[in-house]
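Chemist: Next comes coords16.tsv, TSV, N, CA and C atoms:
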```tsv
chain	number	residue	atom	x	y	z
A	1	MET	N	0.45	-33.55	31.41
A	1	MET	CA	-0.19	-33.07	30.19
A	1	MET	C	0.88	-33.01	29.10
A	2	THR	N	0.59	-33.60	27.97
A	2	THR	CA	1.53	-33.57	26.86
A	2	THR	C	1.45	-32.24	26.13
A	3	GLU	N	2.40	-32.02	25.26
A	3	GLU	CA	2.42	-30.80	24.46
A	3	GLU	C	1.16	-30.69	23.61
A	4	ASN	N	0.73	-31.81	23.03
A	4	ASN	CA	-0.50	-31.81	22.22
A	4	ASN	C	-1.73	-31.50	23.06
A	5	ASP	N	-1.78	-32.04	24.27
A	5	ASP	CA	-2.91	-31.75	25.17
A	5	ASP	C	-2.95	-30.27	25.53
A	6	LEU	N	-1.79	-29.70	25.81
A	6	LEU	CA	-1.71	-28.29	26.15
A	6	LEU	C	-2.15	-27.42	24.97
A	7	THR	N	-1.66	-27.74	23.79
A	7	THR	CA	-2.02	-26.99	22.59
A	7	THR	C	-3.52	-27.07	22.34
A	8	TYR	N	-4.09	-28.26	22.52
A	8	TYR	CA	-5.53	-28.43	22.34
A	8	TYR	C	-6.31	-27.58	23.33
A	9	ALA	N	-5.89	-27.57	24.59
A	9	ALA	CA	-6.57	-26.78	25.62
A	9	ALA	C	-6.51	-25.29	25.31
A	10	ILE	N	-5.37	-24.82	24.83
A	10	ILE	CA	-5.21	-23.40	24.49
A	10	ILE	C	-6.12	-23.03	23.31
A	11	ARG	N	-6.10	-23.86	22.28
A	11	ARG	CA	-6.94	-23.58	21.10
A	11	ARG	C	-8.42	-23.63	21.45
A	12	LYS	N	-8.79	-24.58	22.30
A	12	LYS	CA	-10.17	-24.69	22.75
A	12	LYS	C	-10.59	-23.41	23.48
A	13	ALA	N	-9.71	-22.89	24.33
A	13	ALA	CA	-10.00	-21.66	25.07
A	13	ALA	C	-10.13	-20.47	24.13
A	14	ILE	N	-9.26	-20.40	23.14
A	14	ILE	CA	-9.31	-19.29	22.17
A	14	ILE	C	-10.64	-19.30	21.43
A	15	PHE	N	-11.06	-20.47	20.95
A	15	PHE	CA	-12.33	-20.56	20.24
A	15	PHE	C	-13.51	-20.25	21.15
A	16	ALA	N	-13.45	-20.68	22.41
A	16	ALA	CA	-14.53	-20.39	23.35
A	16	ALA	C	-14.68	-18.89	23.57
A	17	VAL	N	-13.55	-18.20	23.73
A	17	VAL	CA	-13.58	-16.75	23.94
A	17	VAL	C	-14.13	-16.06	22.70
A	18	TYR	N	-13.64	-16.44	21.54
A	18	TYR	CA	-14.09	-15.79	20.31
A	18	TYR	C	-15.58	-16.05	20.06
A	19	ASN	N	-16.02	-17.30	20.26
A	19	ASN	CA	-17.42	-17.63	20.01
A	19	ASN	C	-18.34	-16.93	21.00
A	20	THR	N	-17.86	-16.65	22.20
A	20	THR	CA	-18.66	-15.96	23.20
A	20	THR	C	-18.70	-14.45	22.96
A	21	LEU	N	-17.54	-13.87	22.68
A	21	LEU	CA	-17.45	-12.41	22.57
A	21	LEU	C	-17.64	-11.88	21.15
A	22	GLY	N	-17.33	-12.69	20.15
A	22	GLY	CA	-17.40	-12.21	18.78
A	22	GLY	C	-16.22	-11.32	18.45
A	23	SER	N	-16.35	-10.56	17.39
A	23	SER	CA	-15.25	-9.71	16.94
A	23	SER	C	-15.52	-8.25	17.27
A	24	GLY	N	-14.47	-7.44	17.15
A	24	GLY	CA	-14.63	-6.00	17.26
A	24	GLY	C	-14.30	-5.38	18.61
A	25	LEU	N	-13.84	-6.19	19.56
A	25	LEU	CA	-13.49	-5.63	20.87
A	25	LEU	C	-12.00	-5.30	20.93
A	26	LEU	N	-11.61	-4.61	21.96
A	26	LEU	CA	-10.19	-4.30	22.15
A	26	LEU	C	-9.41	-5.57	22.48
A	27	GLU	N	-8.16	-5.58	22.08
A	27	GLU	CA	-7.29	-6.73	22.35
A	27	GLU	C	-7.23	-7.03	23.85
A	28	SER	N	-7.23	-6.00	24.67
A	28	SER	CA	-7.14	-6.20	26.13
A	28	SER	C	-8.35	-6.98	26.66
A	29	VAL	N	-9.50	-6.83	26.04
A	29	VAL	CA	-10.70	-7.56	26.45
A	29	VAL	C	-10.51	-9.05	26.16
A	30	TYR	N	-10.04	-9.36	24.95
A	30	TYR	CA	-9.80	-10.75	24.58
A	30	TYR	C	-8.70	-11.37	25.44
A	31	GLU	N	-7.68	-10.59	25.74
A	31	GLU	CA	-6.58	-11.08	26.57
A	31	GLU	C	-7.09	-11.48	27.96
A	32	ARG	N	-7.87	-10.61	28.57
A	32	ARG	CA	-8.39	-10.90	29.92
A	32	ARG	C	-9.35	-12.09	29.88
A	33	ALA	N	-10.21	-12.13	28.87
A	33	ALA	CA	-11.16	-13.24	28.74
A	33	ALA	C	-10.42	-14.57	28.54
A	34	LEU	N	-9.34	-14.54	27.77
A	34	LEU	CA	-8.56	-15.76	27.54
A	34	LEU	C	-7.88	-16.22	28.82
A	35	VAL	N	-7.36	-15.29	29.60
A	35	VAL	CA	-6.75	-15.65	30.89
A	35	VAL	C	-7.80	-16.31	31.79
A	36	ILE	N	-8.97	-15.74	31.84
A	36	ILE	CA	-10.04	-16.31	32.67
A	36	ILE	C	-10.40	-17.71	32.19
A	37	GLU	N	-10.53	-17.88	30.89
A	37	GLU	CA	-10.88	-19.18	30.32
A	37	GLU	C	-9.79	-20.22	30.58
A	38	LEU	N	-8.54	-19.86	30.38
A	38	LEU	CA	-7.44	-20.79	30.61
A	38	LEU	C	-7.36	-21.20	32.08
A	39	GLU	N	-7.52	-20.24	32.97
A	39	GLU	CA	-7.46	-20.54	34.40
A	39	GLU	C	-8.65	-21.39	34.84
A	40	SER	N	-9.79	-21.23	34.17
A	40	SER	CA	-10.95	-22.07	34.51
A	40	SER	C	-10.72	-23.52	34.09
A	41	GLN	N	-9.79	-23.72	33.16
A	41	GLN	CA	-9.42	-25.08	32.74
A	41	GLN	C	-8.27	-25.63	33.59
A	42	GLY	N	-7.86	-24.86	34.59
A	42	GLY	CA	-6.80	-25.32	35.48
A	42	GLY	C	-5.39	-25.04	35.00
A	43	LEU	N	-5.26	-24.19	34.00
A	43	LEU	CA	-3.94	-23.84	33.47
A	43	LEU	C	-3.41	-22.58	34.14
A	44	LYS	N	-2.13	-22.55	34.39
A	44	LYS	CA	-1.47	-21.38	34.96
A	44	LYS	C	-1.18	-20.39	33.83
A	45	THR	N	-1.44	-19.13	34.08
A	45	THR	CA	-1.19	-18.12	33.05
A	45	THR	C	-0.39	-16.95	33.62
A	46	GLU	N	0.27	-16.24	32.74
A	46	GLU	CA	0.93	-14.97	33.07
A	46	GLU	C	0.63	-14.03	31.92
A	47	SER	N	0.05	-12.90	32.23
A	47	SER	CA	-0.34	-11.95	31.21
A	47	SER	C	0.76	-10.92	30.99
A	48	GLN	N	1.03	-10.62	29.73
A	48	GLN	CA	2.04	-9.62	29.35
A	48	GLN	C	3.40	-9.91	29.97
A	49	TYR	N	3.84	-11.13	29.85
A	49	TYR	CA	5.14	-11.55	30.39
A	49	TYR	C	6.25	-10.87	29.60
A	50	PRO	N	7.21	-10.20	30.25
A	50	PRO	CA	8.28	-9.50	29.52
A	50	PRO	C	9.22	-10.48	28.82
A	51	ILE	N	9.62	-10.14	27.62
A	51	ILE	CA	10.55	-10.96	26.84
A	51	ILE	C	11.82	-10.15	26.63
A	52	SER	N	12.95	-10.76	26.90
A	52	SER	CA	14.23	-10.09	26.70
A	52	SER	C	14.94	-10.71	25.49
A	53	PHE	N	15.33	-9.87	24.57
A	53	PHE	CA	16.01	-10.33	23.38
A	53	PHE	C	17.52	-10.09	23.46
A	54	GLY	N	17.97	-9.50	24.53
A	54	GLY	CA	19.39	-9.23	24.68
A	54	GLY	C	19.89	-8.10	23.79
A	55	ILE	N	19.00	-7.26	23.32
A	55	ILE	CA	19.39	-6.15	22.45
A	55	ILE	C	19.57	-4.90	23.30
A	56	VAL	N	20.67	-4.23	23.12
A	56	VAL	CA	20.96	-3.01	23.85
A	56	VAL	C	20.76	-1.84	22.90
A	57	SER	N	19.96	-0.90	23.32
A	57	SER	CA	19.67	0.26	22.49
A	57	SER	C	20.86	1.22	22.52
A	58	LYS	N	21.14	1.85	21.39
A	58	LYS	CA	22.21	2.84	21.30
A	58	LYS	C	21.72	4.23	21.69
A	59	PHE	N	20.44	4.36	21.95
A	59	PHE	CA	19.88	5.68	22.21
A	59	PHE	C	19.64	5.89	23.66
```
Mind turning this structure into structure tokens?
Modeler:
Amino acid sequence: MTENDLTYAIRKAIFAVYNTLGSGLLESVYERALVIELESQGLKTESQYPISFGIVSKF
């Protein structure tokens, strides 16, 4: 799958979720629905993947 194919699949899933659920729900609802939609298209997903910026807090 090319980068363009992947981007198209992701955007297609986003529109499918939005068109099905509409607006006004919690972000967590859309997140879970998007994971389900992406996985139904055969894509691997990871929800809330931690990102490290290499910043050390002084506190």
Chemist: With distances taken over only C-alpha atoms, which of A:Phe53, A:Leu6, A:Glu31, A:Gln48 is nearest to Tyr18 of chain A?
Modeler: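 Result for the nearest residue to Tyr18 of chain A: A:Glu31.
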Chemist: Kindly list the centre and edge lengths in Å, rounded to one decimal, for the axis-aligned box that covers all listed atoms of segment 39-45 of chain A plus 5 Å on each of its six sides, as JSON.
Modeler:
```
{"center_x": -5.7, "center_y": -21.3, "center_z": 34.1, "size_x": 20.6, "size_y": 18.7, "size_z": 12.7}
```
Chemist: Give the answer as one residue: which of A:Ile51, A:Met1, A:Val17, A:Ile10 has the shortest atom-to-atom distance to Tyr30 of chain A, using only N, CA and C atoms?
Modeler: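 Once distances to Tyr30 of chain A are computed over only N, CA and C atoms, the minimum belongs to A:Val17.
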Chemist: Show which residues sit within 10 Å of Ala33 of chain A, as an MDAnalysis selection string. Count only C-alpha atoms, and ignore same-chain residues fewer than 4 positions away.
Modeler: chainID A and resid 13:14 16:18 20:21 27:29 37:39
Chemist: Name the closest residue to Leu34 of chain A among the candidates A:Gly54, A:Tyr8, A:Ser47, A:Gly22; distances are taken between atoms, counting only C-alpha atoms.
Modeler: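 For Leu34 of chain A, the nearest of the given residues is A:Ser47.
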Chemist: Would you compute the distance between atom C of Leu43 of chain A and atom C of Asn19 of chain A? Give it in Å to one decimal.
Modeler: 20.7 Å
